[in-house]
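Novice: Next up, coords-v7.cif (mmCIF, C-alpha atoms and all ligand atoms).
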data_work
loop_
_atom_site.group_PDB
_atom_site.id
_atom_site.type_symbol
_atom_site.label_atom_id
_atom_site.label_comp_id
_atom_site.auth_asym_id
_atom_site.auth_seq_id
_atom_site.Cartn_x
_atom_site.Cartn_y
_atom_site.Cartn_z
ATOM 1 C CA MET Q 168 22.203 4.683 9.235
ATOM 2 C CA ASN Q 169 21.674 1.057 10.271
ATOM 3 C CA LYS Q 170 19.805 2.161 13.377
ATOM 4 C CA SER Q 171 17.592 4.563 11.434
ATOM 5 C CA PRO Q 172 13.978 3.537 10.848
ATOM 6 C CA ILE Q 173 12.352 2.329 7.664
ATOM 7 C CA GLY Q 174 9.971 5.142 6.696
ATOM 8 C CA ILE Q 175 6.610 4.068 5.271
ATOM 9 C CA PHE Q 176 3.640 6.207 4.281
ATOM 10 C CA ASP Q 177 0.138 6.008 2.887
ATOM 11 C CA SER Q 178 -2.989 8.153 2.907
ATOM 12 C CA GLY Q 179 -4.434 6.229 5.870
ATOM 13 C CA ILE Q 180 -4.513 2.698 7.258
ATOM 14 C CA GLY Q 181 -3.867 0.983 3.890
ATOM 15 C CA GLY Q 182 -0.098 1.064 4.309
ATOM 16 C CA LEU Q 183 -0.420 -1.049 7.442
ATOM 17 C CA THR Q 184 -0.681 -4.021 5.079
ATOM 18 C CA VAL Q 185 2.909 -3.170 4.088
ATOM 19 C CA VAL Q 186 3.958 -2.617 7.723
ATOM 20 C CA LYS Q 187 2.714 -6.123 8.510
ATOM 21 C CA ALA Q 188 4.752 -7.642 5.686
ATOM 22 C CA ILE Q 189 7.874 -5.652 6.647
ATOM 23 C CA GLN Q 190 7.550 -6.793 10.258
ATOM 24 C CA ALA Q 191 7.375 -10.415 9.119
ATOM 25 C CA ALA Q 192 10.370 -10.132 6.758
ATOM 26 C CA LEU Q 193 12.491 -7.769 8.887
ATOM 27 C CA PRO Q 194 11.468 -8.224 12.544
ATOM 28 C CA PHE Q 195 14.409 -6.278 13.990
ATOM 29 C CA GLU Q 196 13.978 -3.119 11.968
ATOM 30 C CA ARG Q 197 12.510 0.046 13.459
ATOM 31 C CA ILE Q 198 9.448 1.164 11.536
ATOM 32 C CA LEU Q 199 8.214 4.722 11.209
ATOM 33 C CA TYR Q 200 4.736 4.953 9.674
ATOM 34 C CA PHE Q 201 2.865 8.033 8.558
ATOM 35 C CA GLY Q 202 -0.832 7.838 7.649
ATOM 36 C CA ASP Q 203 -2.203 11.073 6.227
ATOM 37 C CA THR Q 204 -5.608 10.539 7.827
ATOM 38 C CA ALA Q 205 -6.544 14.220 7.548
ATOM 39 C CA ARG Q 206 -6.506 14.029 3.758
ATOM 40 C CA VAL Q 207 -7.517 10.433 2.955
ATOM 41 C CA PRO Q 208 -8.621 9.428 0.313
ATOM 42 C CA TYR Q 209 -5.938 10.278 -2.229
ATOM 43 C CA GLY Q 210 -7.388 8.158 -5.022
ATOM 44 C CA THR Q 211 -10.245 10.533 -5.808
ATOM 45 C CA LYS Q 212 -7.947 13.575 -6.064
ATOM 46 C CA SER Q 213 -6.220 15.160 -9.065
ATOM 47 C CA GLN Q 214 -2.632 14.429 -10.028
ATOM 48 C CA VAL Q 215 -1.560 17.939 -8.937
ATOM 49 C CA THR Q 216 -2.974 17.368 -5.459
ATOM 50 C CA VAL Q 217 -1.551 13.860 -5.092
ATOM 51 C CA ARG Q 218 1.900 15.154 -6.075
ATOM 52 C CA LYS Q 219 1.673 17.899 -3.449
ATOM 53 C CA TYR Q 220 0.639 15.374 -0.790
ATOM 54 C CA ALA Q 221 3.495 13.068 -1.816
ATOM 55 C CA ALA Q 222 6.024 15.866 -1.239
ATOM 56 C CA ASP Q 223 4.467 16.689 2.168
ATOM 57 C CA ASP Q 224 4.427 13.046 3.269
ATOM 58 C CA THR Q 225 8.061 12.560 2.290
ATOM 59 C CA ALA Q 226 9.056 15.744 4.144
ATOM 60 C CA MET Q 227 7.224 14.445 7.212
ATOM 61 C CA LEU Q 228 9.184 11.164 7.216
ATOM 62 C CA MET Q 229 12.469 12.954 6.487
ATOM 63 C CA ARG Q 230 12.181 14.781 9.844
ATOM 64 C CA TYR Q 231 12.909 11.412 11.484
ATOM 65 C CA GLN Q 232 15.922 10.573 9.265
ATOM 66 C CA PRO Q 233 14.828 7.243 7.798
ATOM 67 C CA LYS Q 234 17.295 5.008 5.916
ATOM 68 C CA ILE Q 235 14.821 4.089 3.185
ATOM 69 C CA ILE Q 236 11.353 5.235 2.154
ATOM 70 C CA ILE Q 237 8.622 2.819 1.164
ATOM 71 C CA VAL Q 238 5.689 4.347 -0.682
ATOM 72 C CA ALA Q 239 2.917 2.088 0.642
ATOM 73 C CA CYS Q 240 0.370 3.813 -1.573
ATOM 74 C CA ASN Q 241 -0.336 2.759 -5.144
ATOM 75 C CA THR Q 242 -1.837 6.135 -5.991
ATOM 76 C CA VAL Q 243 1.381 7.944 -5.057
ATOM 77 C CA SER Q 244 3.482 5.184 -6.668
ATOM 78 C CA ALA Q 245 1.507 5.671 -9.890
ATOM 79 C CA LEU Q 246 1.331 9.477 -9.983
ATOM 80 C CA ALA Q 247 4.192 10.839 -7.932
ATOM 81 C CA LEU Q 248 7.060 8.411 -7.306
ATOM 82 C CA ASP Q 249 9.449 10.917 -8.898
ATOM 83 C CA VAL Q 250 8.291 13.576 -6.411
ATOM 84 C CA VAL Q 251 9.176 11.285 -3.503
ATOM 85 C CA GLU Q 252 12.559 10.468 -5.062
ATOM 86 C CA LYS Q 253 13.344 14.146 -5.542
ATOM 87 C CA SER Q 254 12.176 15.118 -2.060
ATOM 88 C CA CYS Q 255 14.410 12.664 -0.216
ATOM 89 C CA GLY Q 256 17.719 13.289 -1.974
ATOM 90 C CA HIS Q 257 19.994 10.260 -1.930
ATOM 91 C CA LEU Q 258 17.758 7.864 0.010
ATOM 92 C CA PRO Q 259 16.555 4.667 -1.630
ATOM 93 C CA VAL Q 260 12.835 4.740 -2.438
ATOM 94 C CA THR Q 261 10.671 1.773 -3.233
ATOM 95 C CA GLY Q 262 7.024 1.810 -4.307
ATOM 96 C CA VAL Q 263 4.329 -0.858 -4.192
ATOM 97 C CA LEU Q 264 3.263 -0.599 -7.828
ATOM 98 C CA LYS Q 265 6.312 -2.040 -9.590
ATOM 99 C CA ALA Q 266 6.545 -4.865 -7.046
ATOM 100 C CA GLY Q 267 2.880 -5.757 -7.638
ATOM 101 C CA ALA Q 268 3.247 -5.590 -11.415
ATOM 102 C CA ARG Q 269 6.309 -7.872 -11.348
ATOM 103 C CA LEU Q 270 4.611 -10.405 -9.118
ATOM 104 C CA ALA Q 271 1.455 -10.484 -11.271
ATOM 105 C CA ALA Q 272 3.379 -10.793 -14.560
ATOM 106 C CA GLY Q 273 5.253 -13.777 -13.120
ATOM 107 C CA VAL Q 274 2.125 -15.506 -11.835
ATOM 108 C CA THR Q 275 -0.383 -15.288 -14.725
ATOM 109 C CA ARG Q 276 -0.657 -18.394 -16.899
ATOM 110 C CA ASN Q 277 -3.225 -17.202 -19.437
ATOM 111 C CA LYS Q 278 -1.732 -13.691 -19.736
ATOM 112 C CA ARG Q 279 -4.931 -11.982 -18.646
ATOM 113 C CA ILE Q 280 -4.573 -9.874 -15.505
ATOM 114 C CA GLY Q 281 -7.184 -7.825 -13.672
ATOM 115 C CA VAL Q 282 -6.146 -4.773 -11.661
ATOM 116 C CA ILE Q 283 -8.348 -3.044 -9.119
ATOM 117 C CA GLY Q 284 -7.313 0.282 -7.632
ATOM 118 C CA THR Q 285 -8.314 3.849 -6.934
ATOM 119 C CA GLN Q 286 -9.735 6.051 -9.691
ATOM 120 C CA ALA Q 287 -6.428 7.918 -9.922
ATOM 121 C CA THR Q 288 -4.340 4.729 -10.223
ATOM 122 C CA VAL Q 289 -6.666 3.187 -12.806
ATOM 123 C CA SER Q 290 -6.855 6.401 -14.883
ATOM 124 C CA SER Q 291 -3.052 6.640 -14.934
ATOM 125 C CA ASN Q 292 -2.811 3.138 -16.483
ATOM 126 C CA ALA Q 293 0.445 2.790 -14.528
ATOM 127 C CA TYR Q 294 -0.159 -0.925 -13.874
ATOM 128 C CA GLY Q 295 -0.874 -1.631 -17.539
ATOM 129 C CA LEU Q 296 2.339 0.114 -18.548
ATOM 130 C CA ALA Q 297 4.453 -1.573 -15.867
ATOM 131 C CA ILE Q 298 3.069 -5.048 -16.677
ATOM 132 C CA ASN Q 299 3.447 -4.587 -20.445
ATOM 133 C CA GLN Q 300 7.012 -3.407 -19.972
ATOM 134 C CA LEU Q 301 7.701 -6.824 -18.452
ATOM 135 C CA ASN Q 302 5.633 -8.743 -20.984
ATOM 136 C CA ALA Q 303 3.932 -7.010 -23.913
ATOM 137 C CA GLU Q 304 1.646 -10.005 -24.566
ATOM 138 C CA ILE Q 305 -0.235 -9.676 -21.282
ATOM 139 C CA GLU Q 306 -3.699 -8.112 -21.448
ATOM 140 C CA VAL Q 307 -4.568 -5.922 -18.476
ATOM 141 C CA PHE Q 308 -8.156 -5.123 -17.440
ATOM 142 C CA SER Q 309 -8.669 -2.426 -14.799
ATOM 143 C CA GLN Q 310 -11.506 -1.440 -12.535
ATOM 144 C CA ALA Q 311 -11.642 1.464 -10.087
ATOM 145 C CA CYS Q 312 -13.202 0.559 -6.719
ATOM 146 C CA PRO Q 313 -13.368 3.913 -4.880
ATOM 147 C CA LEU Q 314 -15.754 2.782 -2.135
ATOM 148 C CA PHE Q 315 -13.313 0.114 -0.914
ATOM 149 C CA VAL Q 316 -11.122 2.781 0.725
ATOM 150 C CA PRO Q 317 -13.785 4.264 3.045
ATOM 151 C CA LEU Q 318 -15.080 0.748 3.789
ATOM 152 C CA ALA Q 319 -11.573 -0.280 4.916
ATOM 153 C CA GLU Q 320 -11.120 2.965 6.861
ATOM 154 C CA GLU Q 321 -14.408 2.220 8.668
ATOM 155 C CA GLY Q 322 -13.220 -1.269 9.554
ATOM 156 C CA PHE Q 323 -16.008 -2.918 7.484
ATOM 157 C CA ILE Q 324 -13.747 -5.909 6.945
ATOM 158 C CA ASP Q 325 -16.397 -8.601 6.645
ATOM 159 C CA HIS Q 326 -19.553 -6.515 6.433
ATOM 160 C CA PRO Q 327 -22.604 -7.168 4.193
ATOM 161 C CA ALA Q 328 -22.152 -3.678 2.676
ATOM 162 C CA THR Q 329 -18.620 -4.603 1.606
ATOM 163 C CA LYS Q 330 -19.925 -7.817 0.014
ATOM 164 C CA LEU Q 331 -22.539 -5.896 -1.980
ATOM 165 C CA VAL Q 332 -20.036 -3.293 -3.169
ATOM 166 C CA ALA Q 333 -17.513 -6.003 -4.093
ATOM 167 C CA ALA Q 334 -20.110 -7.910 -6.143
ATOM 168 C CA GLU Q 335 -20.972 -4.709 -8.024
ATOM 169 C CA TYR Q 336 -17.390 -3.618 -8.720
ATOM 170 C CA LEU Q 337 -15.976 -7.015 -9.616
ATOM 171 C CA SER Q 338 -18.724 -8.421 -11.858
ATOM 172 C CA GLU Q 339 -17.423 -6.898 -15.116
ATOM 173 C CA ILE Q 340 -13.753 -7.689 -14.634
ATOM 174 C CA MET Q 341 -14.690 -11.273 -13.771
ATOM 175 C CA GLN Q 342 -16.087 -11.688 -17.274
ATOM 176 C CA LYS Q 343 -12.721 -10.959 -18.904
ATOM 177 C CA GLY Q 344 -11.300 -14.424 -18.323
ATOM 178 C CA ILE Q 345 -8.562 -13.205 -15.972
ATOM 179 C CA ASP Q 346 -6.599 -15.724 -13.908
ATOM 180 C CA THR Q 347 -4.860 -13.134 -11.708
ATOM 181 C CA LEU Q 348 -6.219 -10.123 -9.814
ATOM 182 C CA VAL Q 349 -3.913 -7.419 -8.465
ATOM 183 C CA LEU Q 350 -5.026 -5.587 -5.334
ATOM 184 C CA GLY Q 351 -3.697 -2.303 -6.718
ATOM 185 C CA CYS Q 352 -4.463 -0.268 -3.609
ATOM 186 C CA THR Q 353 -2.926 -1.016 -0.225
ATOM 187 C CA HIS Q 354 -6.302 -0.593 1.480
ATOM 188 C CA TYR Q 355 -7.751 -3.552 -0.428
ATOM 189 C CA PRO Q 356 -5.889 -6.401 1.323
ATOM 190 C CA ILE Q 357 -7.825 -5.338 4.439
ATOM 191 C CA LEU Q 358 -10.952 -6.486 2.535
ATOM 192 C CA ARG Q 359 -9.188 -9.497 1.036
ATOM 193 C CA LYS Q 360 -11.528 -12.118 2.495
ATOM 194 C CA VAL Q 361 -14.587 -10.544 0.841
ATOM 195 C CA ILE Q 362 -12.740 -9.973 -2.452
ATOM 196 C CA GLU Q 363 -11.532 -13.581 -2.458
ATOM 197 C CA GLU Q 364 -15.018 -14.917 -1.794
ATOM 198 C CA THR Q 365 -16.420 -12.730 -4.578
ATOM 199 C CA VAL Q 366 -13.947 -13.783 -7.290
ATOM 200 C CA GLY Q 367 -13.706 -17.430 -6.246
ATOM 201 C CA PRO Q 368 -10.767 -19.802 -5.796
ATOM 202 C CA GLU Q 369 -9.684 -19.975 -9.465
ATOM 203 C CA ILE Q 370 -8.226 -16.486 -9.433
ATOM 204 C CA THR Q 371 -4.836 -15.768 -7.891
ATOM 205 C CA ILE Q 372 -4.889 -12.628 -5.766
ATOM 206 C CA ILE Q 373 -1.763 -10.480 -5.798
ATOM 207 C CA ASP Q 374 -0.912 -8.321 -2.798
ATOM 208 C CA SER Q 375 2.217 -6.284 -3.462
ATOM 209 C CA ALA Q 376 3.055 -5.961 0.254
ATOM 210 C CA ASP Q 377 5.036 -9.214 0.445
ATOM 211 C CA ALA Q 378 6.933 -8.396 -2.754
ATOM 212 C CA VAL Q 379 7.848 -4.954 -1.408
ATOM 213 C CA ALA Q 380 9.009 -6.454 1.884
ATOM 214 C CA LEU Q 381 11.313 -8.927 0.136
ATOM 215 C CA GLY Q 382 12.643 -6.206 -2.169
ATOM 216 C CA THR Q 383 13.335 -3.980 0.841
ATOM 217 C CA LYS Q 384 15.201 -6.767 2.615
ATOM 218 C CA GLU Q 385 17.411 -7.350 -0.418
ATOM 219 C CA LEU Q 386 18.035 -3.636 -0.814
ATOM 220 C CA LEU Q 387 19.036 -3.185 2.839
ATOM 221 C CA MET Q 388 21.311 -6.232 2.689
ATOM 222 C CA GLU Q 389 23.014 -5.068 -0.509
ATOM 223 C CA SER Q 390 23.620 -1.589 0.861
ATOM 224 C CA GLY Q 391 24.763 -2.808 4.300
ATOM 225 C CA LEU Q 392 21.886 -1.058 6.020
ATOM 226 C CA LEU Q 393 20.282 -3.935 7.935
ATOM 227 C CA ALA Q 394 19.767 -3.268 11.655
ATOM 228 C CA PHE Q 395 22.344 -4.900 13.970
ATOM 229 C CA THR Q 396 20.040 -5.274 16.949
ATOM 230 C CA GLN Q 397 18.088 -8.411 17.785
ATOM 231 C CA THR Q 398 15.290 -6.638 19.608
ATOM 232 C CA GLU Q 399 11.838 -6.155 18.200
ATOM 233 C CA SER Q 400 10.276 -2.740 18.582
ATOM 234 C CA THR Q 401 6.728 -1.559 18.005
ATOM 235 C CA PRO Q 402 6.264 0.772 15.032
ATOM 236 C CA HIS Q 403 6.343 4.519 15.604
ATOM 237 C CA LEU Q 404 2.982 5.668 14.261
ATOM 238 C CA LEU Q 405 2.194 9.180 13.067
ATOM 239 C CA VAL Q 406 -1.114 10.444 11.717
ATOM 240 C CA SER Q 407 -2.378 13.860 10.613
ATOM 241 C CA ASP Q 408 -5.835 13.443 12.215
ATOM 242 C CA LEU Q 409 -7.881 11.246 14.575
ATOM 243 C CA PRO Q 410 -5.125 9.233 16.325
ATOM 244 C CA GLN Q 411 -7.626 7.388 18.522
ATOM 245 C CA LYS Q 412 -9.558 6.056 15.523
ATOM 246 C CA PHE Q 413 -6.312 4.982 13.885
ATOM 247 C CA SER Q 414 -5.251 3.206 17.039
ATOM 248 C CA THR Q 415 -8.517 1.224 17.156
ATOM 249 C CA LEU Q 416 -8.235 0.273 13.481
ATOM 250 C CA TYR Q 417 -4.586 -0.682 13.974
ATOM 251 C CA GLN Q 418 -5.594 -3.073 16.710
ATOM 252 C CA LEU Q 419 -8.406 -4.527 14.598
ATOM 253 C CA PHE Q 420 -6.224 -5.068 11.554
ATOM 254 C CA MET Q 421 -2.817 -5.870 13.066
ATOM 255 C CA GLY Q 422 -4.255 -7.914 15.934
ATOM 256 C CA SER Q 423 -1.753 -6.452 18.390
ATOM 257 C CA ALA Q 424 -2.154 -4.248 21.448
ATOM 258 C CA MET Q 425 -3.388 -0.684 21.108
ATOM 259 C CA PRO Q 426 -0.300 1.305 20.114
ATOM 260 C CA ASP Q 427 0.566 4.938 20.819
ATOM 261 C CA VAL Q 428 -0.284 7.084 17.834
ATOM 262 C CA GLU Q 429 1.227 10.548 17.540
ATOM 263 C CA LEU Q 430 -0.708 13.404 15.980
ATOM 264 C CA VAL Q 431 1.421 15.498 13.606
ATOM 265 C CA GLU Q 432 0.747 18.487 11.376
ATOM 266 C CA VAL Q 433 1.518 18.209 7.664
HETATM 267 N N1 LIG F 501 -3.921 3.085 -0.119
HETATM 268 C C1 LIG F 501 -3.698 3.984 -1.184
HETATM 269 C C2 LIG F 501 -3.406 3.284 -2.483
HETATM 270 O O1 LIG F 501 -2.748 2.270 -2.423
HETATM 271 C C3 LIG F 501 -4.566 5.205 -1.272
HETATM 272 C C4 LIG F 501 -6.029 5.025 -1.215
HETATM 273 C C5 LIG F 501 -6.717 6.359 -1.161
HETATM 274 O O2 LIG F 501 -6.364 7.150 -0.280
HETATM 275 O O3 LIG F 501 -7.587 6.622 -1.989
HETATM 276 O O4 LIG F 501 -3.741 3.730 -3.553
#
For the structure just supplied, provide its representation as structure tokens.
Ligand code: DGL
Specialist:
Amino acid sequence: MNKSPIGIFDSGIGGLTVVKAIQAALPFERILYFGDTARVPYGTKSQVTVRKYAADDTAMLMRYQPKIIIVACNTVSALALDVVEKSCGHLPVTGVLKAGARLAAGVTRNKRIGVIGTQATVSSNAYGLAINQLNAEIEVFSQACPLFVPLAEEGFIDHPATKLVAAEYLSEIMQKGIDTLVLGCTHYPILRKVIEETVGPEITIIDSADAVALGTKELLMESGLLAFTQTESTPHLLVSDLPQKFSTLYQLFMGSAMPDVELVEV
């Protein structure tokens, strides 16, 4: 088990923000990543569809016998975490949503938190529920930002179009007096610079990737599953469509050499 990879999935490139954090926290672990690029975006789909995709994605990772599964997708964490848990039997599963909620609840000083995410995540109110479970006094204000996902998938990291869209989406939530803003979609940290510039320096931005990475490290340590090796390996990347495009985006976002990306059928 120790030698088995950490399995991570998302609808597309968004989960790479989690891969980056895992690599920093656990440099000697093997990483297996699946991006369901044939069916991205998930956040505009119905709950029934997202739950079906979650089962397929888990089955895909299970073929490679991972030791843990990280759901690097807020939409799946919000709508279908139980599906992932059921589909992988005894394996530990950790999702980005609870980690992000915990981090945000611990950081806010004025108890007013903004959450931005996909339409599906925002409609589920999963962040509001998770945050209020930790502290019922916190007020949560949510805003769906559906265009952020295709902008990230296109690599429009610091593009004027992204700035315009960010100004439009964030104007209302900025008037709620929030002191903390959760990036409740793993694609959004790719656009972090623009989001930060739009909301200004007073607001603390929460990216759940680091929290998930720390949680994963603790979990692997507690269960004696940390890798023994001291060699770093490049992640094994799987996608369901357009491997070349994924490879280019990987390089742009991760800043490392063009990796091999394997095309798989879900
Ligand atoms: N990155 C995913 C999330 O965190 C999914 C985005 C999408 O495919 O719409 O919600």
Novice: Under the PyMOL selection byres (((chain Q and resi 298-306) around 8) and not hetatm), which residues of this model are included? Write them out as a ChimeraX atom specification.
Specialist: /Q:268-269,271-272,278-280,294-297,307-308
Novice: Mind dumping a table of every chain Q residue within 6 Å of ligand LIG 501 (chain F), with the nearest atom pair and its distance in Å to one decimal, using only C-alpha atoms and all ligand atoms, sorted by chain and rising number, as a Markdown table?
Specialist:
| residue | atom | partner | partner_atom | distance |
| --- | --- | --- | --- | --- |
| Q:Asp177 | CA | F:LIG501 | N1 | 5.8 |
| Q:Ser178 | CA | F:LIG501 | O2 | 4.7 |
| Q:Gly181 | CA | F:LIG501 | N1 | 4.5 |
| Q:Val207 | CA | F:LIG501 | O2 | 4.8 |
| Q:Pro208 | CA | F:LIG501 | O2 | 3.3 |
| Q:Tyr209 | CA | F:LIG501 | O2 | 3.7 |
| Q:Gly210 | CA | F:LIG501 | O3 | 3.4 |
| Q:Cys240 | CA | F:LIG501 | O1 | 3.6 |
| Q:Asn241 | CA | F:LIG501 | O1 | 3.7 |
| Q:Thr242 | CA | F:LIG501 | O4 | 3.9 |
| Q:Thr285 | CA | F:LIG501 | O4 | 5.7 |
| Q:Val316 | CA | F:LIG501 | O3 | 5.9 |
| Q:Cys352 | CA | F:LIG501 | O1 | 3.3 |
| Q:Thr353 | CA | F:LIG501 | O1 | 4.0 |
| Q:His354 | CA | F:LIG501 | N1 | 4.7 |
Novice: Could you give me, as a list in words, the residues within 9 Å of Leu248 (chain Q), counting all atoms listed in the file and dropping anything in the same chain fewer than 5 positions from it?
Specialist: Arg218, Ala221, Val238, Val243, Lys253, Val260, Thr261 and Gly262 of chain Q
Novice: Can you list what the PyMOL selection byres (((chain Q and resi 377) around 12) and not hetatm) grabs from this structure, as a PDB file with C-alpha atoms, keeping the file's coordinate frame?
Specialist:
ATOM      1  CA  THR Q 184      -0.681  -4.021   5.079  1.00  0.00           C
ATOM      2  CA  VAL Q 185       2.909  -3.170   4.088  1.00  0.00           C
ATOM      3  CA  VAL Q 186       3.958  -2.617   7.723  1.00  0.00           C
ATOM      4  CA  LYS Q 187       2.714  -6.123   8.510  1.00  0.00           C
ATOM      5  CA  ALA Q 188       4.752  -7.642   5.686  1.00  0.00           C
ATOM      6  CA  ILE Q 189       7.874  -5.652   6.647  1.00  0.00           C
ATOM      7  CA  GLN Q 190       7.550  -6.793  10.258  1.00  0.00           C
ATOM      8  CA  ALA Q 191       7.375 -10.415   9.119  1.00  0.00           C
ATOM      9  CA  ALA Q 192      10.370 -10.132   6.758  1.00  0.00           C
ATOM     10  CA  LEU Q 193      12.491  -7.769   8.887  1.00  0.00           C
ATOM     11  CA  ALA Q 239       2.917   2.088   0.642  1.00  0.00           C
ATOM     12  CA  VAL Q 263       4.329  -0.858  -4.192  1.00  0.00           C
ATOM     13  CA  ALA Q 266       6.545  -4.865  -7.046  1.00  0.00           C
ATOM     14  CA  GLY Q 267       2.880  -5.757  -7.638  1.00  0.00           C
ATOM     15  CA  ARG Q 269       6.309  -7.872 -11.348  1.00  0.00           C
ATOM     16  CA  LEU Q 270       4.611 -10.405  -9.118  1.00  0.00           C
ATOM     17  CA  THR Q 353      -2.926  -1.016  -0.225  1.00  0.00           C
ATOM     18  CA  PRO Q 356      -5.889  -6.401   1.323  1.00  0.00           C
ATOM     19  CA  ILE Q 373      -1.763 -10.480  -5.798  1.00  0.00           C
ATOM     20  CA  ASP Q 374      -0.912  -8.321  -2.798  1.00  0.00           C
ATOM     21  CA  SER Q 375       2.217  -6.284  -3.462  1.00  0.00           C
ATOM     22  CA  ALA Q 376       3.055  -5.961   0.254  1.00  0.00           C
ATOM     23  CA  ALA Q 378       6.933  -8.396  -2.754  1.00  0.00           C
ATOM     24  CA  VAL Q 379       7.848  -4.954  -1.408  1.00  0.00           C
ATOM     25  CA  ALA Q 380       9.009  -6.454   1.884  1.00  0.00           C
ATOM     26  CA  LEU Q 381      11.313  -8.927   0.136  1.00  0.00           C
ATOM     27  CA  GLY Q 382      12.643  -6.206  -2.169  1.00  0.00           C
ATOM     28  CA  THR Q 383      13.335  -3.980   0.841  1.00  0.00           C
ATOM     29  CA  LYS Q 384      15.201  -6.767   2.615  1.00  0.00           C
TER      30      LYS Q 384
END
Novice: Work out how far CA of Met425 (chain Q) is from CA of Gln411 (chain Q), in Å to one decimal.
Specialist: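 Computing it gives 9.5 Å between the two atoms.
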Novice: Which residue is closest to Asp325 (chain Q)? Choose from Q:Gln286, Q:Thr365, Q:Thr211, Q:Ser423 and count only C-alpha atoms.
Specialist: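 Residue with the minimum atom-to-atom distance to Asp325 (chain Q): Q:Thr365.
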Novice: List as a PyMOL selection string the protein and nucleic acid residues near Thr415 (chain Q), meaning an atom at most 12 Å away when all atoms listed in the file are counted, but skip any in the same chain fewer than 2 places from it.
Specialist: chain Q and resi 180+320-322+409-413+417-428
Novice: Could you please determine the separation between CA of Glu385 (chain Q) and CA of Leu246 (chain Q) in Å, to one decimal place?
Specialist: 25.2 Å
Novice: Nearest to Lys265 (chain Q) among Q:Gly182, Q:Pro327, Q:Gly367, Q:Gly351, with distances taken over only C-alpha atoms: which residue is it?
Specialist: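 Going through Q:Gly182, Q:Pro327, Q:Gly367, Q:Gly351 one by one, the smallest distance to Lys265 (chain Q) is for Q:Gly351.
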Novice: Could I get region 332-344 of chain Q rebuilt with N, CA and C atoms, written as a PDB file, in the coordinates of the input?
Specialist:
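That gives us result-v1.pdb:
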ATOM      1  N   VAL Q 332     -20.875  -4.187  -2.364  1.00  0.00           N
ATOM      2  CA  VAL Q 332     -20.036  -3.293  -3.169  1.00  0.00           C
ATOM      3  C   VAL Q 332     -19.041  -4.130  -3.998  1.00  0.00           C
ATOM      4  N   ALA Q 333     -18.485  -5.158  -3.386  1.00  0.00           N
ATOM      5  CA  ALA Q 333     -17.513  -6.003  -4.093  1.00  0.00           C
ATOM      6  C   ALA Q 333     -18.185  -6.706  -5.280  1.00  0.00           C
ATOM      7  N   ALA Q 334     -19.401  -7.222  -5.060  1.00  0.00           N
ATOM      8  CA  ALA Q 334     -20.110  -7.910  -6.143  1.00  0.00           C
ATOM      9  C   ALA Q 334     -20.346  -6.953  -7.317  1.00  0.00           C
ATOM     10  N   GLU Q 335     -20.706  -5.715  -7.001  1.00  0.00           N
ATOM     11  CA  GLU Q 335     -20.972  -4.709  -8.024  1.00  0.00           C
ATOM     12  C   GLU Q 335     -19.690  -4.356  -8.795  1.00  0.00           C
ATOM     13  N   TYR Q 336     -18.637  -4.044  -8.072  1.00  0.00           N
ATOM     14  CA  TYR Q 336     -17.390  -3.618  -8.720  1.00  0.00           C
ATOM     15  C   TYR Q 336     -16.715  -4.726  -9.531  1.00  0.00           C
ATOM     16  N   LEU Q 337     -16.807  -5.960  -9.020  1.00  0.00           N
ATOM     17  CA  LEU Q 337     -15.976  -7.015  -9.616  1.00  0.00           C
ATOM     18  C   LEU Q 337     -16.675  -7.804 -10.722  1.00  0.00           C
ATOM     19  N   SER Q 338     -17.992  -7.566 -10.914  1.00  0.00           N
ATOM     20  CA  SER Q 338     -18.724  -8.421 -11.858  1.00  0.00           C
ATOM     21  C   SER Q 338     -18.175  -8.299 -13.290  1.00  0.00           C
ATOM     22  N   GLU Q 339     -17.852  -7.088 -13.717  1.00  0.00           N
ATOM     23  CA  GLU Q 339     -17.423  -6.898 -15.116  1.00  0.00           C
ATOM     24  C   GLU Q 339     -16.043  -7.500 -15.374  1.00  0.00           C
ATOM     25  N   ILE Q 340     -15.133  -7.222 -14.461  1.00  0.00           N
ATOM     26  CA  ILE Q 340     -13.753  -7.689 -14.634  1.00  0.00           C
ATOM     27  C   ILE Q 340     -13.683  -9.233 -14.586  1.00  0.00           C
ATOM     28  N   MET Q 341     -14.649  -9.815 -13.875  1.00  0.00           N
ATOM     29  CA  MET Q 341     -14.690 -11.273 -13.771  1.00  0.00           C
ATOM     30  C   MET Q 341     -15.075 -11.937 -15.093  1.00  0.00           C
ATOM     31  N   GLN Q 342     -15.666 -11.113 -15.986  1.00  0.00           N
ATOM     32  CA  GLN Q 342     -16.087 -11.688 -17.274  1.00  0.00           C
ATOM     33  C   GLN Q 342     -14.991 -11.592 -18.332  1.00  0.00           C
ATOM     34  N   LYS Q 343     -13.815 -11.152 -17.950  1.00  0.00           N
ATOM     35  CA  LYS Q 343     -12.721 -10.959 -18.904  1.00  0.00           C
ATOM     36  C   LYS Q 343     -11.795 -12.175 -18.996  1.00  0.00           C
ATOM     37  N   GLY Q 344     -12.125 -13.210 -18.264  1.00  0.00           N
ATOM     38  CA  GLY Q 344     -11.300 -14.424 -18.323  1.00  0.00           C
ATOM     39  C   GLY Q 344      -9.942 -14.269 -17.656  1.00  0.00           C
TER      40      GLY Q 344
END
